[in-house]
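Visitor: My file is final_13.tsv. It has TSV, C-alpha atoms and all ligand atoms:
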chain	number	residue	atom	x	y	z
A	28	MET	CA	8.80	-50.91	32.81
A	29	ALA	CA	7.75	-47.50	33.98
A	30	LYS	CA	4.83	-45.35	34.97
A	31	ILE	CA	4.70	-42.54	32.40
A	32	GLU	CA	3.28	-39.16	33.42
A	33	LEU	CA	2.53	-36.40	30.94
A	34	ASP	CA	1.82	-32.83	32.02
A	35	LEU	CA	2.31	-30.86	28.84
A	36	ALA	CA	1.11	-29.19	25.65
A	37	HIS	CA	2.63	-29.09	22.20
A	38	ALA	CA	2.49	-26.63	19.32
A	39	TYR	CA	4.61	-27.15	16.21
A	40	ARG	CA	4.48	-23.40	15.52
A	41	PRO	CA	6.14	-20.81	17.78
A	42	ASN	CA	3.99	-18.49	19.94
A	43	PRO	CA	0.71	-20.42	19.81
A	44	LYS	CA	-2.22	-18.11	20.50
A	45	GLN	CA	-5.42	-20.06	19.95
A	46	ASP	CA	-6.49	-23.67	20.53
A	47	SER	CA	-6.09	-24.53	16.85
A	48	ASP	CA	-2.36	-23.62	17.03
A	49	TYR	CA	-1.80	-26.62	19.32
A	50	ALA	CA	-1.30	-30.22	18.17
A	51	LEU	CA	-1.82	-31.14	21.85
A	52	LEU	CA	-3.75	-28.84	24.17
A	53	PRO	CA	-2.61	-28.75	27.82
A	54	LEU	CA	-3.17	-32.22	29.26
A	55	LYS	CA	-2.28	-34.30	32.28
A	56	MET	CA	-2.32	-38.04	32.12
A	57	THR	CA	-0.69	-41.15	33.52
A	58	PHE	CA	0.08	-44.45	31.84
A	59	ASP	CA	0.40	-47.07	34.59
A	60	ASP	CA	3.21	-49.55	34.67
A	61	GLY	CA	2.25	-52.74	32.83
A	62	GLY	CA	-0.95	-51.39	31.26
A	63	ALA	CA	-2.17	-51.96	27.69
A	64	TYR	CA	-3.29	-48.63	26.27
A	65	ALA	CA	-4.62	-47.50	22.91
A	66	LEU	CA	-4.51	-43.90	21.69
A	67	LEU	CA	-7.57	-43.65	19.47
A	68	GLY	CA	-8.89	-40.78	17.40
A	69	PRO	CA	-9.38	-39.47	13.87
A	70	SER	CA	-6.51	-38.39	11.65
A	71	GLY	CA	-4.80	-35.24	12.90
A	72	CYS	CA	-6.07	-35.43	16.51
A	73	GLY	CA	-2.54	-35.62	17.95
A	74	LYS	CA	-1.92	-39.34	18.53
A	75	THR	CA	1.46	-39.52	16.83
A	76	THR	CA	2.51	-36.26	18.48
A	77	MET	CA	1.76	-37.75	21.90
A	78	LEU	CA	3.56	-40.99	21.03
A	79	ASN	CA	6.64	-39.16	19.75
A	80	ILE	CA	6.75	-37.05	22.91
A	81	MET	CA	6.72	-40.24	25.00
A	82	SER	CA	9.40	-41.91	22.92
A	83	GLY	CA	11.68	-38.86	22.93
A	84	LEU	CA	11.55	-38.20	19.18
A	85	LEU	CA	9.87	-34.89	20.01
A	86	VAL	CA	10.35	-32.45	22.92
A	87	PRO	CA	7.03	-30.87	24.00
A	88	SER	CA	6.87	-27.10	23.55
A	89	GLN	CA	5.74	-26.83	27.18
A	90	GLY	CA	5.56	-29.09	30.23
A	91	THR	CA	7.14	-32.36	31.28
A	92	VAL	CA	7.34	-36.10	30.66
A	93	LYS	CA	8.18	-38.23	33.70
A	94	PHE	CA	9.14	-41.89	33.87
A	95	ASP	CA	8.68	-43.29	37.39
A	96	GLY	CA	8.71	-39.75	38.76
A	97	GLN	CA	11.96	-38.83	37.01
A	98	ASP	CA	11.96	-35.93	34.53
A	99	MET	CA	12.67	-37.37	31.06
A	100	THR	CA	11.40	-34.45	28.96
A	101	ARG	CA	14.71	-33.98	27.19
A	102	ALA	CA	16.02	-37.56	27.37
A	103	THR	CA	16.78	-39.37	24.10
A	104	PRO	CA	14.79	-42.47	23.06
A	105	GLN	CA	17.84	-44.55	24.04
A	106	GLN	CA	17.97	-43.03	27.53
A	107	ARG	CA	14.27	-43.65	27.99
A	108	ASN	CA	14.70	-47.28	27.08
A	109	ILE	CA	11.65	-47.37	24.83
A	110	ALA	CA	10.95	-49.90	22.07
A	111	GLN	CA	8.99	-48.68	19.07
A	112	VAL	CA	7.14	-50.45	16.27
A	113	PHE	CA	6.20	-48.37	13.24
A	114	GLN	CA	3.63	-48.78	10.45
A	115	PHE	CA	6.15	-50.37	8.12
A	116	PRO	CA	8.67	-53.13	8.86
A	117	VAL	CA	12.03	-51.98	10.20
A	118	ILE	CA	14.18	-55.09	9.89
A	119	TYR	CA	17.40	-56.28	8.30
A	120	ASP	CA	16.67	-58.21	5.11
A	121	THR	CA	20.05	-59.96	5.08
A	122	MET	CA	19.58	-61.40	8.58
A	123	THR	CA	17.50	-64.42	9.50
A	124	VAL	CA	14.31	-64.07	11.51
A	125	ALA	CA	16.17	-65.25	14.64
A	126	GLU	CA	19.00	-62.74	14.10
A	127	ASN	CA	16.51	-59.92	13.61
A	128	LEU	CA	14.69	-60.82	16.82
A	129	ALA	CA	17.97	-61.16	18.71
A	130	PHE	CA	19.32	-57.80	17.51
A	131	PRO	CA	17.89	-55.51	20.25
A	132	LEU	CA	19.15	-57.96	22.92
A	133	LYS	CA	22.62	-58.31	21.37
A	134	ASN	CA	22.89	-54.53	21.27
A	135	ARG	CA	22.34	-54.48	25.03
A	136	LYS	CA	24.91	-57.27	25.54
A	137	VAL	CA	22.43	-59.78	26.92
A	138	PRO	CA	24.12	-63.21	27.43
A	139	ALA	CA	23.70	-65.62	24.49
A	140	ALA	CA	21.72	-68.25	26.42
A	141	GLN	CA	19.21	-65.63	27.55
A	142	ILE	CA	18.92	-64.28	23.99
A	143	GLN	CA	18.18	-67.73	22.64
A	144	GLN	CA	15.55	-68.36	25.28
A	145	ARG	CA	13.80	-65.02	24.75
A	146	VAL	CA	13.92	-65.20	20.94
A	147	GLY	CA	12.40	-68.70	21.16
A	148	GLN	CA	9.63	-67.43	23.45
A	149	ILE	CA	8.74	-64.45	21.26
A	150	ALA	CA	8.86	-66.52	18.05
A	151	GLU	CA	6.51	-69.04	19.61
A	152	MET	CA	4.08	-66.34	20.72
A	153	LEU	CA	4.02	-64.90	17.21
A	154	GLU	CA	3.86	-68.38	15.63
A	155	MET	CA	7.15	-67.85	13.82
A	156	SER	CA	9.16	-70.69	15.39
A	157	HIS	CA	9.29	-72.59	12.07
A	158	GLN	CA	10.71	-69.51	10.31
A	159	LEU	CA	13.55	-68.69	12.69
A	160	ASN	CA	16.32	-69.74	10.30
A	161	MET	CA	14.81	-68.14	7.18
A	162	ARG	CA	16.25	-64.96	5.72
A	163	ALA	CA	13.92	-62.01	6.22
A	164	ALA	CA	14.41	-60.98	2.56
A	165	GLY	CA	12.30	-63.90	1.33
A	166	LEU	CA	9.32	-63.17	3.57
A	167	SER	CA	6.06	-61.35	2.76
A	168	ALA	CA	5.30	-57.83	4.08
A	169	ASP	CA	3.01	-59.40	6.70
A	170	GLN	CA	5.72	-61.69	7.98
A	171	LYS	CA	8.27	-58.89	8.03
A	172	GLN	CA	5.93	-56.77	10.12
A	173	LYS	CA	5.50	-59.69	12.52
A	174	ILE	CA	9.28	-59.66	12.95
A	175	SER	CA	9.07	-55.91	13.71
A	176	LEU	CA	6.44	-56.63	16.36
A	177	GLY	CA	8.69	-59.33	17.78
A	178	ARG	CA	11.66	-56.97	17.88
A	179	GLY	CA	9.53	-54.46	19.77
A	180	LEU	CA	8.53	-57.08	22.33
A	181	VAL	CA	11.77	-58.98	22.73
A	182	ARG	CA	13.44	-56.88	25.45
A	183	PRO	CA	11.94	-57.61	28.85
A	184	ASP	CA	13.51	-54.54	30.50
A	185	VAL	CA	12.03	-51.72	28.38
A	186	SER	CA	10.11	-48.82	29.95
A	187	ALA	CA	7.34	-49.29	27.38
A	188	VAL	CA	6.68	-50.55	23.87
A	189	LEU	CA	5.07	-47.98	21.59
A	190	PHE	CA	3.18	-49.10	18.49
A	191	ASP	CA	2.25	-46.60	15.76
A	192	GLU	CA	-0.53	-48.17	13.65
A	193	PRO	CA	1.51	-51.39	13.46
A	194	LEU	CA	-1.05	-53.47	11.58
A	195	THR	CA	-1.52	-51.10	8.61
A	196	VAL	CA	0.37	-53.35	6.17
A	197	ILE	CA	-1.12	-56.57	7.51
A	198	ASP	CA	-3.69	-58.49	5.51
A	199	PRO	CA	-7.20	-58.15	7.11
A	200	HIS	CA	-7.49	-61.77	8.19
A	201	LEU	CA	-4.07	-61.87	9.83
A	202	LYS	CA	-4.76	-58.45	11.34
A	203	TRP	CA	-7.69	-59.90	13.26
A	204	GLN	CA	-5.53	-62.72	14.59
A	205	LEU	CA	-2.63	-60.46	15.46
A	206	ARG	CA	-4.54	-57.94	17.51
A	207	ARG	CA	-5.93	-60.76	19.65
A	208	LYS	CA	-2.45	-62.20	19.84
A	209	LEU	CA	-1.00	-58.89	21.03
A	210	LYS	CA	-3.54	-58.78	23.83
A	211	GLN	CA	-2.57	-62.30	24.87
A	212	ILE	CA	1.11	-61.40	24.67
A	213	HIS	CA	0.46	-58.42	26.91
A	214	HIS	CA	-1.02	-60.71	29.56
A	215	GLU	CA	1.97	-63.03	29.33
A	216	LEU	CA	4.80	-60.47	29.15
A	217	LYS	CA	3.24	-57.75	31.33
A	218	LEU	CA	5.00	-55.00	29.37
A	219	THR	CA	3.58	-51.47	29.23
A	220	LEU	CA	2.16	-51.28	25.71
A	221	ILE	CA	0.88	-48.09	24.07
A	222	TYR	CA	-0.79	-48.54	20.74
A	223	VAL	CA	-1.80	-45.76	18.33
A	224	THR	CA	-4.68	-46.39	15.96
A	225	HIS	CA	-7.60	-44.66	14.28
A	226	ASP	CA	-9.47	-47.98	14.13
A	227	GLN	CA	-11.85	-48.43	17.05
A	228	VAL	CA	-12.07	-52.21	16.67
A	229	GLU	CA	-8.29	-52.44	16.91
A	230	ALA	CA	-8.22	-50.20	19.99
A	231	LEU	CA	-11.10	-51.90	21.77
A	232	THR	CA	-9.77	-55.43	21.13
A	233	PHE	CA	-6.24	-54.65	22.19
A	234	ALA	CA	-6.41	-52.23	25.09
A	235	ASP	CA	-7.46	-52.40	28.73
A	236	GLN	CA	-7.62	-48.60	28.71
A	237	VAL	CA	-8.41	-46.48	25.67
A	238	VAL	CA	-7.40	-42.82	25.39
A	239	VAL	CA	-9.88	-41.18	23.01
A	240	MET	CA	-8.53	-38.02	21.40
A	241	SER	CA	-10.14	-35.27	19.38
A	242	ARG	CA	-8.50	-32.07	18.08
A	243	GLY	CA	-5.52	-32.18	20.40
A	244	MET	CA	-7.56	-33.08	23.48
A	245	VAL	CA	-7.96	-36.26	25.49
A	246	VAL	CA	-11.73	-36.50	25.68
A	247	GLN	CA	-11.89	-39.76	27.65
A	248	LEU	CA	-9.58	-42.33	29.20
A	249	GLY	CA	-11.53	-45.46	30.01
A	250	THR	CA	-12.09	-49.16	29.57
A	251	PRO	CA	-13.72	-50.27	26.30
A	252	GLU	CA	-16.86	-50.95	28.32
A	253	ALA	CA	-16.91	-47.44	29.85
A	254	LEU	CA	-16.50	-45.87	26.39
A	255	PHE	CA	-19.46	-47.84	25.17
A	256	GLU	CA	-21.74	-47.54	28.21
A	257	ARG	CA	-20.88	-44.09	29.53
A	258	PRO	CA	-19.21	-41.93	26.87
A	259	ALA	CA	-17.90	-38.90	28.75
A	260	HIS	CA	-18.33	-36.65	25.71
A	261	THR	CA	-20.72	-36.70	22.75
A	262	PHE	CA	-17.66	-37.10	20.49
A	263	VAL	CA	-16.90	-40.46	22.15
A	264	GLY	CA	-20.55	-41.47	21.73
A	265	HIS	CA	-20.35	-40.70	18.00
A	266	PHE	CA	-16.89	-42.09	17.40
A	267	ILE	CA	-17.19	-45.40	19.29
A	268	GLY	CA	-19.81	-47.88	18.16
A	269	SER	CA	-21.09	-49.00	14.84
A	270	PRO	CA	-23.07	-46.95	14.18
A	271	GLY	CA	-22.41	-44.36	16.90
A	272	MET	CA	-24.75	-43.12	19.60
A	273	ASN	CA	-28.08	-41.44	18.74
A	274	PHE	CA	-28.66	-37.98	20.18
A	275	LEU	CA	-31.94	-36.13	20.79
A	276	PRO	CA	-32.59	-32.71	22.29
A	277	ALA	CA	-34.51	-32.85	25.58
A	278	GLN	CA	-35.70	-30.51	28.31
A	279	SER	CA	-35.36	-31.67	31.89
A	280	GLN	CA	-37.34	-30.69	34.97
A	281	GLY	CA	-35.34	-33.06	37.14
A	282	THR	CA	-37.58	-36.12	37.28
A	283	GLN	CA	-39.48	-35.48	34.04
A	284	LEU	CA	-38.19	-35.05	30.52
A	285	GLN	CA	-39.81	-33.29	27.60
A	286	ILE	CA	-38.83	-34.70	24.23
A	287	ALA	CA	-40.58	-33.52	21.06
A	288	GLY	CA	-43.69	-32.54	23.02
A	289	GLN	CA	-43.85	-35.87	24.92
A	290	SER	CA	-43.41	-36.05	28.66
A	291	LEU	CA	-41.34	-39.02	29.85
A	292	ALA	CA	-40.16	-40.07	33.32
A	293	ALA	CA	-36.40	-39.53	33.83
A	294	PRO	CA	-34.52	-42.77	34.56
A	295	ARG	CA	-32.60	-41.03	37.38
A	296	PRO	CA	-32.44	-37.49	38.78
A	297	LEU	CA	-31.22	-35.11	36.09
A	298	PRO	CA	-29.97	-31.52	36.10
A	299	ALA	CA	-32.70	-29.12	35.03
A	300	GLY	CA	-32.56	-27.35	31.68
A	301	ALA	CA	-31.71	-28.20	28.09
A	302	LEU	CA	-29.96	-31.57	27.70
A	303	LYS	CA	-28.86	-33.83	24.90
A	304	LEU	CA	-30.09	-37.38	25.36
A	305	GLY	CA	-27.76	-40.12	24.08
A	306	ILE	CA	-28.87	-43.66	23.39
A	307	ARG	CA	-26.86	-46.38	21.66
A	308	PRO	CA	-28.53	-48.13	18.68
A	309	GLU	CA	-28.16	-51.40	20.67
A	310	TYR	CA	-30.39	-50.02	23.46
A	311	LEU	CA	-33.03	-48.19	21.44
A	312	GLY	CA	-36.21	-50.25	21.97
A	313	LEU	CA	-38.93	-50.72	19.33
A	314	ASP	CA	-42.52	-51.05	20.52
A	315	VAL	CA	-46.06	-50.58	19.26
A	316	VAL	CA	-47.41	-47.10	18.57
A	317	GLY	CA	-48.58	-45.37	21.73
A	318	ALA	CA	-46.93	-47.83	24.15
A	319	PRO	CA	-46.31	-46.09	27.49
A	320	GLY	CA	-42.96	-44.34	27.77
A	321	THR	CA	-42.36	-44.29	24.01
A	322	LEU	CA	-41.96	-41.61	21.36
A	323	PRO	CA	-43.89	-41.82	18.09
A	324	ALA	CA	-41.62	-42.83	15.20
A	325	LYS	CA	-41.63	-44.06	11.62
A	326	VAL	CA	-39.46	-46.75	10.04
A	327	LYS	CA	-37.41	-45.36	7.14
A	328	GLN	CA	-35.06	-48.22	6.27
A	329	VAL	CA	-34.27	-51.80	7.33
A	330	GLN	CA	-30.82	-53.10	6.36
A	331	ASP	CA	-29.38	-56.55	6.82
A	332	ILE	CA	-25.74	-56.07	7.85
A	333	GLY	CA	-25.00	-59.78	8.34
A	334	THR	CA	-24.47	-60.13	12.08
A	335	TYR	CA	-27.19	-57.59	12.85
A	336	VAL	CA	-30.12	-55.68	11.35
A	337	LEU	CA	-29.93	-51.89	11.21
A	338	VAL	CA	-33.21	-49.99	11.38
A	339	THR	CA	-33.32	-46.30	10.49
A	340	ILE	CA	-36.15	-44.48	12.22
A	341	GLU	CA	-37.46	-40.94	12.11
A	342	ALA	CA	-38.58	-39.53	15.46
A	343	ALA	CA	-38.72	-36.04	16.97
A	344	GLY	CA	-37.55	-34.70	13.60
A	345	GLN	CA	-34.31	-36.71	13.83
A	346	SER	CA	-32.95	-39.74	12.05
A	347	LEU	CA	-32.09	-42.46	14.61
A	348	LYS	CA	-30.61	-45.95	14.34
A	349	ALA	CA	-31.61	-49.14	16.13
A	350	ARG	CA	-29.49	-52.30	16.03
A	351	LEU	CA	-31.43	-55.56	16.20
A	352	SER	CA	-30.23	-59.14	16.38
A	353	PRO	CA	-30.79	-61.03	13.10
A	354	ASP	CA	-33.50	-63.21	14.66
A	355	ALA	CA	-35.52	-60.28	16.10
A	356	VAL	CA	-38.88	-59.35	14.55
A	357	ARG	CA	-38.13	-56.83	11.79
A	358	PRO	CA	-40.34	-53.79	11.38
A	359	GLU	CA	-41.65	-52.88	7.91
A	360	VAL	CA	-40.48	-49.75	6.14
A	361	GLY	CA	-43.16	-47.03	6.45
A	362	ASN	CA	-44.68	-48.49	9.65
A	363	ALA	CA	-45.44	-46.31	12.65
A	364	LEU	CA	-43.79	-47.39	15.92
A	365	GLY	CA	-43.24	-46.33	19.49
A	366	ILE	CA	-39.56	-46.13	20.44
A	367	GLN	CA	-38.03	-46.32	23.88
A	368	VAL	CA	-35.14	-43.94	24.28
A	369	VAL	CA	-35.16	-43.50	28.05
A	370	GLY	CA	-33.79	-46.28	30.22
A	371	ALA	CA	-30.88	-47.45	32.34
A	372	HIS	CA	-28.44	-47.13	29.41
A	373	THR	CA	-29.48	-43.62	28.38
A	374	CYS	CA	-26.81	-40.94	28.88
A	375	PHE	CA	-27.39	-37.19	29.27
A	376	TYR	CA	-25.13	-34.38	28.09
A	377	GLN	CA	-24.81	-30.65	28.67
A	378	ASN	CA	-22.30	-28.68	26.59
A	379	GLU	CA	-21.32	-32.05	25.04
A	380	GLU	CA	-20.13	-33.36	28.44
A	381	LEU	CA	-21.79	-36.27	30.27
A	382	VAL	CA	-23.83	-34.98	33.21
A	383	ALA	CA	-25.98	-38.02	34.14
A	401	LIG	N1	6.05	-31.96	11.99
A	401	LIG	C1	4.93	-31.24	12.02
A	401	LIG	N2	4.92	-29.92	11.77
A	401	LIG	C2	3.79	-29.20	11.84
A	401	LIG	N3	2.58	-29.69	12.14
A	401	LIG	C3	2.51	-31.01	12.39
A	401	LIG	C4	3.67	-31.86	12.35
A	401	LIG	N4	3.29	-33.13	12.66
A	401	LIG	C5	1.95	-33.07	12.88
A	401	LIG	N5	1.48	-31.81	12.72
A	401	LIG	C6	0.09	-31.36	12.92
A	401	LIG	O1	-0.28	-31.65	14.28
A	401	LIG	C7	-1.61	-32.15	14.35
A	401	LIG	C8	-1.60	-33.52	15.02
A	401	LIG	O2	-0.92	-34.44	14.15
A	401	LIG	P1	-0.61	-35.95	14.53
A	401	LIG	O3	0.23	-36.54	13.44
A	401	LIG	O4	-0.08	-36.01	15.92
A	401	LIG	O5	-2.07	-36.58	14.50
A	401	LIG	P2	-2.51	-38.11	14.39
A	401	LIG	O6	-3.70	-38.20	15.25
A	401	LIG	O7	-1.37	-38.99	14.68
A	401	LIG	O8	-2.93	-38.21	12.88
A	401	LIG	P3	-2.62	-39.39	11.81
A	401	LIG	O9	-3.47	-40.55	12.24
A	401	LIG	O10	-3.08	-38.77	10.52
A	401	LIG	O11	-1.15	-39.63	11.88
A	401	LIG	C9	-2.15	-32.14	12.94
A	401	LIG	O12	-2.87	-30.96	12.75
A	401	LIG	C10	-0.90	-32.15	12.07
A	401	LIG	O13	-1.13	-31.52	10.86
Before we go any further, please render this structure as structure tokens.
Ligand SMILES: Nc1ncnc2c1ncn2[C@@H]1O[C@H](COP(=O)(O)OP(=O)(O)OP(=O)(O)O)[C@@H](O)[C@H]1O
Guide:
Amino acid sequence: MAKIELDLAHAYRPNPKQDSDYALLPLKMTFDDGGAYALLGPSGCGKTTMLNIMSGLLVPSQGTVKFDGQDMTRATPQQRNIAQVFQFPVIYDTMTVAENLAFPLKNRKVPAAQIQQRVGQIAEMLEMSHQLNMRAAGLSADQKQKISLGRGLVRPDVSAVLFDEPLTVIDPHLKWQLRRKLKQIHHELKLTLIYVTHDQVEALTFADQVVVMSRGMVVQLGTPEALFERPAHTFVGHFIGSPGMNFLPAQSQGTQLQIAGQSLAAPRPLPAGALKLGIRPEYLGLDVVGAPGTLPAKVKQVQDIGTYVLVTIEAAGQSLKARLSPDAVRPEVGNALGIQVVGAHTCFYQNEELVA
């Protein structure tokens, strides 16, 4: 396994002039040895480009890739000793499950006894022990993709295992099981795993550290908890969470805030000037009209989403969301309320960046 350091930018077109010419804007980041990372962001933000630069399928148009301090920018995937799992199964239909799992080890001339032991271990982790002697050709797409995952994980000596949306073809129920399984496998095998996805649930379940990307930029690298509690950028606030963070314009005088003509005490010292207040739907409090420290609001919609109740509120000329537990008292549509938007969990932004 290796520590991977990126200090680079990439443009697919020659002579890039403006930001939009870059698939990856200049960035510096480190993937620690043994970590479980997810690269998360909407389609086109540069996830696959970053993954391909790490694997050696793509040479960055500027900068370097280092593995344990050694320059690997121009090294082939083979030289980098990377395992990769793609969206669709890459296996040999004519081989058995065991032979498919053994293949990457046989290629590296690992002794037979060690191969058998490792294949047995991986098959057990993926709950495929009973299928080891079956031909891959007869298996479903789900099962074939599980073999691909197993092939990615089977070599203990790889620098890293890179996954590019590996659960795309997997049935939703099995998908849920597999992403938990992968996390467990990471704890047991201690491999460096880097997992590309546009699905936040997948990223947050799997990874210890999530790299959130937007338009060729890394906007935050943090734990799932940090992305939820302290989004470093309004994009992360929007993108993570279901629904995403609410935002309201505010004016700060340091210890006091002005929001839609109301004066509220700041929860902590704030920079003076125009700010954007961010509050997650989970932390937006509903109270009676005129309660101290609240903003006047009106209930627009109450939706039962199963595991929670989603309340849409209008306040300060904005539409906001509050997430309530199913057993909480539900407000009536059309009712006037007081809402609490300022508290320990409230975040403040200037130029879309977190400032307090
Ligand atoms: N081979 C290529 N030639 C030119 N432009 C490319 C190429 N591959 C990707 N791009 C562009 O680079 C940008 C980043 O693409 P990339 O595939 O890395 O994003 P992504 O986040 O992985 O998206 P997706 O989830 O859709 O795969 C996009 O604007 C894309 O159109």
Visitor: List every protein, DNA or RNA residue that has at least one atom no more than 7 Å from (14.2, -39.0, 22.4) in the file's coordinates, counting only C-alpha atoms, and write the result as JSON, numbers by chain.
Guide: {"A": [82, 83, 84, 85, 101, 102, 103, 104, 105]}
Visitor: Pick out the residues no farther than 10 Å from ligand LIG 401 (chain A), counting all atoms listed in the file, and list them as a PyMOL selection string.
Guide: chain A and resi 37-40+47-51+66-80+85+191-192+223-226+240-243
Visitor: Please indicate the distance in Å from CA of Leu35 (chain A) to CA of Thr100 (chain A), rounded to one decimal place.
Guide: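 For CA of Leu35 (chain A) relative to CA of Thr100 (chain A), the distance reads 9.8 Å.
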Visitor: Select, from A:Gln285, A:Gln367, A:Gln328, A:Ser88, the residue with the minimum atom-to-atom distance to Glu309 (chain A), counting all atoms listed in the file.
Guide: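 Smallest distance to Glu309 (chain A) is found for A:Gln367.
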Visitor: For a test of reading the model, state the distance in Å between CA of Val117 (chain A) and CA of Thr91 (chain A), rounded to one decimal.
Guide: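 It comes out at 29.2 Å.
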Visitor: Return the padded bounding box of region 274-282 of chain A as AutoDock Vina command-line options: axis-aligned, built from all atoms listed in the file, 4 Å added on each side, with centre and edge lengths in Å to one decimal.
Guide:
--center_x -33.1 --center_y -34.2 --center_z 28.7 --size_x 16.9 --size_y 15.5 --size_z 25.1
Visitor: Mind pulling up the distance from CA of Thr57 (chain A) to CA of Glu32 (chain A)?
Guide: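 Taking CA of Glu32 (chain A) and CA of Thr57 (chain A), their separation equals 4.4 Å.
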Visitor: Per residue of region 185-303 of chain A within 12 Å of region 136-150 of chain A, note the shortest atom pair and the distance in Å to one decimal, counting all atoms listed in the file, and order the rows by chain and increasing residue number, as JSON lines.
Guide:
{"residue": "A:Lys208", "atom": "CA", "partner": "A:Ile149", "partner_atom": "CA", "distance": 11.5}
{"residue": "A:Leu209", "atom": "CA", "partner": "A:Ile149", "partner_atom": "CA", "distance": 11.2}
{"residue": "A:Ile212", "atom": "CA", "partner": "A:Ile149", "partner_atom": "CA", "distance": 8.9}
{"residue": "A:His213", "atom": "CA", "partner": "A:Ile149", "partner_atom": "CA", "distance": 11.7}
{"residue": "A:Glu215", "atom": "CA", "partner": "A:Gln148", "partner_atom": "CA", "distance": 10.6}
{"residue": "A:Leu216", "atom": "CA", "partner": "A:Ile149", "partner_atom": "CA", "distance": 9.7}
